[in-house]
Amino acid sequence: MSVAAGIEVVENGLLDGRVRLRQPAKGYRAGMDAALLAAAVEAKAGERVFEAGCGAGAVLMQIAARRPGVKLTGLERDPAMAALARDNAALNGVEAEIVEGDVAAGFRALGLAPFDHAVSNPPFFDDPGALRAPAESKRGAWMADEGLAAWTRFLLKAVREGGTVTVIHRADRLADLLAGLGATAGSFAVRPVHAFADEPAKRVLVRAVKTGKAPLRLLPALVLHDRGGGKHTAEAEAVLRGEAGLGW
């Protein structure tokens, strides 16, 4: 355990050790969702990728390892986490611009040109009455003060026409994601994520294309665990090690 950006941190290895990530010792810690979101990004070298709510930079650092040559920008409203994201970029030798700001202010407030791709793992809850209040150190990561609709509006503004928006979120918010992103995007692809094959999906990965018109595609599910005692299925293990992506 060490101190970085003024907070106690622990260091974890991601993508089979290819990425070093320093995260707060207490509070929200990036994990499976960040790994899956990064694996779902299909940016090409030279393209610009934007993450809304980048935290300590777990998604950005994994995108950099998976997609050499992409240009990365992250937005984070917590100054300490933004500083930690910059530290992680330096630790991994990644060129990434970390901007401090709030999704609620809108994309135009950042003064940035639209990106080729925008990604996000928005806070999972926007109704404080819907769950027991999270610890204060986790509240910013779990509660969307302005609601999920503010995130979908922001992401749509963050990409150019023909650009992609990729989100991982709770499966029970799929209808809200499709409705929000459907304002100016289409060509949806949805990949359910199941903890076990015999249980309902708890997460969904959703990709939309701004101004896209193709029919929605429901892709084969990703199953994370099996009942045989292994920690992960072979497919999930390959994704977590960086040996495979989650293509669309």
# chains A, B, ... in the order shown; residues from 1 in each chain; ligands from 1

call {"tool": "select_by_dssp", "arguments": {"residues": "region 93-233 of chain A", "states": "helix (DSSP H, G or I)", "output": "PyMOL selection string"}}
result
chain A and resi 103-105+107-110+128-130+136-142+148-158+171-181

call {"tool": "residues_around", "arguments": {"residues": "Lys44 (chain A)", "least_positions_apart": "2", "cutoff": "12 Å", "atoms": "only C-alpha atoms", "output": "ChimeraX atom specification"}}
result
/A:41-42,46-49,63-64,66-72,116-117

call {"tool": "write_last_selection", "arguments": {"atoms": "all heavy atoms", "output": "tab-separated table (two decimals), in the first residue's frame"}}
result
chain	number	residue	atom	x	y	z
A	41	VAL	N	-14.08	-2.21	-26.97
A	41	VAL	CA	-13.73	-1.06	-27.79
A	41	VAL	C	-12.94	-1.53	-29.01
A	41	VAL	O	-11.92	-2.22	-28.87
A	41	VAL	CB	-12.91	-0.04	-26.98
A	41	VAL	CG1	-12.43	1.10	-27.87
A	41	VAL	CG2	-13.74	0.49	-25.82
A	42	GLU	N	-13.39	-1.13	-30.20
A	42	GLU	CA	-12.74	-1.55	-31.45
A	42	GLU	C	-12.13	-0.37	-32.19
A	42	GLU	O	-12.19	-0.28	-33.40
A	42	GLU	CB	-13.75	-2.29	-32.33
A	42	GLU	CG	-14.23	-3.61	-31.75
A	42	GLU	CD	-15.11	-4.39	-32.70
A	42	GLU	OE1	-15.85	-3.77	-33.49
A	42	GLU	OE2	-15.06	-5.63	-32.67
A	46	GLY	N	-4.86	5.86	-34.30
A	46	GLY	CA	-5.11	7.21	-34.77
A	46	GLY	C	-6.49	7.74	-34.41
A	46	GLY	O	-6.72	8.94	-34.48
A	47	GLU	N	-7.42	6.86	-34.04
A	47	GLU	CA	-8.76	7.31	-33.67
A	47	GLU	C	-8.78	7.82	-32.23
A	47	GLU	O	-7.96	7.41	-31.40
A	47	GLU	CB	-9.78	6.18	-33.86
A	47	GLU	CG	-10.02	5.84	-35.31
A	47	GLU	CD	-11.13	4.84	-35.51
A	47	GLU	OE1	-11.34	3.97	-34.62
A	47	GLU	OE2	-11.80	4.90	-36.56
A	48	ARG	N	-9.73	8.71	-31.97
A	48	ARG	CA	-9.85	9.36	-30.67
A	48	ARG	C	-10.95	8.69	-29.86
A	48	ARG	O	-12.08	8.55	-30.33
A	48	ARG	CB	-10.15	10.86	-30.84
A	48	ARG	CG	-9.05	11.59	-31.60
A	48	ARG	CD	-9.49	12.98	-32.03
A	48	ARG	NE	-9.79	13.85	-30.89
A	48	ARG	CZ	-10.98	14.38	-30.65
A	48	ARG	NH1	-12.01	14.13	-31.47
A	48	ARG	NH2	-11.18	15.16	-29.59
A	49	VAL	N	-10.60	8.32	-28.62
A	49	VAL	CA	-11.53	7.62	-27.72
A	49	VAL	C	-11.70	8.44	-26.46
A	49	VAL	O	-10.73	8.90	-25.85
A	49	VAL	CB	-11.00	6.22	-27.35
A	49	VAL	CG1	-11.97	5.51	-26.41
A	49	VAL	CG2	-10.77	5.38	-28.61
A	63	ILE	N	-7.58	-0.05	-22.58
A	63	ILE	CA	-7.74	0.26	-24.00
A	63	ILE	C	-6.38	0.51	-24.64
A	63	ILE	O	-6.09	0.03	-25.74
A	63	ILE	CB	-8.66	1.47	-24.20
A	63	ILE	CG1	-10.10	1.15	-23.77
A	63	ILE	CG2	-8.65	1.92	-25.67
A	63	ILE	CD1	-11.03	2.35	-23.80
A	64	ALA	N	-5.54	1.27	-23.93
A	64	ALA	CA	-4.21	1.59	-24.46
A	64	ALA	C	-3.41	0.32	-24.71
A	64	ALA	O	-2.69	0.20	-25.72
A	64	ALA	CB	-3.47	2.50	-23.49
A	66	ARG	N	-4.64	-2.69	-25.29
A	66	ARG	CA	-5.31	-3.50	-26.31
A	66	ARG	C	-5.24	-2.84	-27.69
A	66	ARG	O	-5.24	-3.55	-28.71
A	66	ARG	CB	-6.78	-3.70	-25.94
A	66	ARG	CG	-7.01	-4.69	-24.80
A	66	ARG	CD	-8.50	-4.77	-24.48
A	66	ARG	NE	-8.83	-5.84	-23.56
A	66	ARG	CZ	-9.04	-7.10	-23.91
A	66	ARG	NH1	-8.94	-7.45	-25.19
A	66	ARG	NH2	-9.35	-8.02	-23.01
A	67	ARG	N	-5.24	-1.54	-27.73
A	67	ARG	CA	-5.37	-0.80	-28.99
A	67	ARG	C	-4.25	0.23	-29.14
A	67	ARG	O	-4.45	1.44	-28.98
A	67	ARG	CB	-6.73	-0.09	-29.02
A	67	ARG	CG	-7.92	-1.03	-28.93
A	67	ARG	CD	-8.13	-1.75	-30.25
A	67	ARG	NE	-9.15	-2.79	-30.18
A	67	ARG	CZ	-9.55	-3.52	-31.21
A	67	ARG	NH1	-9.02	-3.30	-32.40
A	67	ARG	NH2	-10.45	-4.46	-31.06
A	68	PRO	N	-3.04	-0.22	-29.44
A	68	PRO	CA	-1.92	0.72	-29.57
A	68	PRO	C	-2.22	1.79	-30.63
A	68	PRO	O	-2.81	1.51	-31.67
A	68	PRO	CB	-0.76	-0.18	-30.02
A	68	PRO	CG	-1.14	-1.55	-29.55
A	68	PRO	CD	-2.63	-1.61	-29.67
A	69	GLY	N	-1.81	3.00	-30.31
A	69	GLY	CA	-1.94	4.09	-31.28
A	69	GLY	C	-3.22	4.88	-31.19
A	69	GLY	O	-3.37	5.88	-31.90
A	70	VAL	N	-4.16	4.48	-30.32
A	70	VAL	CA	-5.37	5.29	-30.18
A	70	VAL	C	-5.07	6.50	-29.31
A	70	VAL	O	-4.11	6.51	-28.53
A	70	VAL	CB	-6.54	4.47	-29.57
A	70	VAL	CG1	-6.89	3.29	-30.46
A	70	VAL	CG2	-6.22	4.01	-28.16
A	71	LYS	N	-5.89	7.53	-29.45
A	71	LYS	CA	-5.70	8.77	-28.69
A	71	LYS	C	-6.79	8.83	-27.62
A	71	LYS	O	-7.98	8.82	-27.94
A	71	LYS	CB	-5.77	9.97	-29.63
A	71	LYS	CG	-4.70	9.93	-30.72
A	71	LYS	CD	-4.82	11.10	-31.69
A	71	LYS	CE	-3.74	11.03	-32.76
A	71	LYS	NZ	-3.85	12.15	-33.73
A	72	LEU	N	-6.37	8.92	-26.36
A	72	LEU	CA	-7.28	8.73	-25.22
A	72	LEU	C	-7.51	10.02	-24.44
A	72	LEU	O	-6.57	10.77	-24.15
A	72	LEU	CB	-6.71	7.68	-24.28
A	72	LEU	CG	-6.50	6.29	-24.88
A	72	LEU	CD1	-5.67	5.43	-23.95
A	72	LEU	CD2	-7.84	5.63	-25.18
A	116	ASP	N	-14.25	9.90	-32.08
A	116	ASP	CA	-14.64	8.76	-32.89
A	116	ASP	C	-15.42	7.74	-32.07
A	116	ASP	O	-16.31	7.07	-32.59
A	116	ASP	CB	-13.40	8.09	-33.49
A	116	ASP	CG	-12.59	9.04	-34.36
A	116	ASP	OD1	-13.15	9.54	-35.37
A	116	ASP	OD2	-11.42	9.30	-34.04
A	117	HIS	N	-15.05	7.62	-30.79
A	117	HIS	CA	-15.68	6.65	-29.91
A	117	HIS	C	-15.83	7.26	-28.52
A	117	HIS	O	-14.93	7.97	-28.05
A	117	HIS	CB	-14.85	5.37	-29.80
A	117	HIS	CG	-14.46	4.78	-31.11
A	117	HIS	ND1	-15.30	3.95	-31.83
A	117	HIS	CD2	-13.32	4.90	-31.85
A	117	HIS	CE1	-14.68	3.59	-32.95
A	117	HIS	NE2	-13.49	4.16	-32.99

call {"tool": "select_by_dssp", "arguments": {"residues": "region 100-218 of chain A", "states": "strand (DSSP E or B)", "output": "PyMOL selection string"}}
result
chain A and resi 100+115-120+125+143+159-170+185-194+203-210+217-218

call {"tool": "residues_around", "arguments": {"residues": "Lys210 (chain A)", "least_positions_apart": "2", "cutoff": "10 Å", "atoms": "only C-alpha atoms", "output": "PyMOL selection string"}}
result
chain A and resi 117+155-157+159-165+181-188+207-208+212-213

call {"tool": "write_last_selection", "arguments": {"atoms": "C-alpha atoms", "output": "compact mmCIF listing (two decimals), in the first residue's frame"}}
result
# COMPACT_ATOMS: atom_id res chain seq x y z
CA HIS A 117 -15.68 6.65 -29.91
CA LEU A 155 -22.30 10.49 -24.72
CA LEU A 156 -24.31 11.26 -27.85
CA LYS A 157 -22.84 14.76 -27.98
CA VAL A 159 -19.14 11.53 -30.73
CA ARG A 160 -19.20 12.55 -34.37
CA GLU A 161 -21.79 11.26 -36.83
CA GLY A 162 -20.92 7.63 -37.48
CA GLY A 163 -19.04 7.42 -34.20
CA THR A 164 -19.78 4.76 -31.61
CA VAL A 165 -21.04 4.90 -28.03
CA LEU A 181 -29.22 6.57 -26.93
CA GLY A 182 -31.93 6.11 -29.53
CA ALA A 183 -32.50 9.88 -29.60
CA THR A 184 -29.77 10.29 -32.24
CA ALA A 185 -28.15 6.85 -32.52
CA GLY A 186 -29.07 3.43 -33.86
CA SER A 187 -27.47 0.26 -35.24
CA PHE A 188 -27.59 -1.10 -31.71
CA ARG A 207 -22.95 -0.28 -28.58
CA ALA A 208 -24.74 2.33 -30.68
CA GLY A 212 -26.87 4.56 -37.45
CA LYS A 213 -29.94 2.98 -39.09

call {"tool": "residues_around", "arguments": {"residues": "Leu21 (chain A)", "least_positions_apart": "4", "cutoff": "10 Å", "atoms": "only C-alpha atoms", "output": "PyMOL selection string"}}
result
chain A and resi 9-14+17+30+56-58+61-62+84-85+87-89+91-92

call {"tool": "atom_distance", "arguments": {"atom1": "CA of Leu15 (chain A)", "atom2": "CA of Glu97 (chain A)"}}
result
21.8 Å

call {"tool": "atom_distance", "arguments": {"atom1": "CA of Arg22 (chain A)", "atom2": "CA of Ala52 (chain A)"}}
result
19.1 Å

call {"tool": "atom_distance", "arguments": {"atom1": "CA of Ile7 (chain A)", "atom2": "CA of Arg29 (chain A)"}}
result
13.3 Å

call {"tool": "residues_around", "arguments": {"residues": "Arg227 (chain A)", "least_positions_apart": "6", "cutoff": "10 Å", "atoms": "only C-alpha atoms", "output": "PyMOL selection string"}}
result
chain A and resi 196-198+233

call {"tool": "write_last_selection", "arguments": {"atoms": "C-alpha atoms", "output": "short mmCIF file (atom, residue, chain, number, x, y, z; two decimals), in the first residue's frame"}}
result
data_model
loop_
_atom_site.label_atom_id
_atom_site.label_comp_id
_atom_site.auth_asym_id
_atom_site.auth_seq_id
_atom_site.Cartn_x
_atom_site.Cartn_y
_atom_site.Cartn_z
CA PHE A 196 -23.70 -18.15 -14.72
CA ALA A 197 -25.37 -19.60 -17.82
CA ASP A 198 -28.46 -20.65 -15.84
CA THR A 233 -15.11 -19.68 -18.05
#

call {"tool": "residues_around", "arguments": {"residues": "Gly242 (chain A)", "least_positions_apart": "2", "cutoff": "9 Å", "atoms": "only C-alpha atoms", "output": "ChimeraX atom specification"}}
result
/A:14-16,18,35,39,62,65-66,237-240,244-245

call {"tool": "write_last_selection", "arguments": {"atoms": "C-alpha atoms", "output": "compact mmCIF listing (two decimals), in the first residue's frame"}}
result
# COMPACT_ATOMS: atom_id res chain seq x y z
CA LEU A 14 -4.56 -6.20 -15.20
CA LEU A 15 -4.48 -8.01 -18.53
CA ASP A 16 -2.14 -10.67 -17.16
CA ARG A 18 0.43 -5.86 -18.91
CA ALA A 35 -12.22 -5.00 -18.15
CA ALA A 39 -12.45 -5.31 -24.33
CA GLN A 62 -6.63 -1.33 -20.73
CA ALA A 65 -2.77 -1.91 -23.97
CA ARG A 66 -5.31 -3.50 -26.31
CA GLU A 237 -10.53 -15.80 -18.79
CA ALA A 238 -9.26 -15.04 -22.29
CA VAL A 239 -10.90 -11.61 -22.16
CA LEU A 240 -9.50 -10.81 -18.71
CA ALA A 244 -9.42 -11.94 -26.68
CA GLY A 245 -11.75 -9.01 -27.16
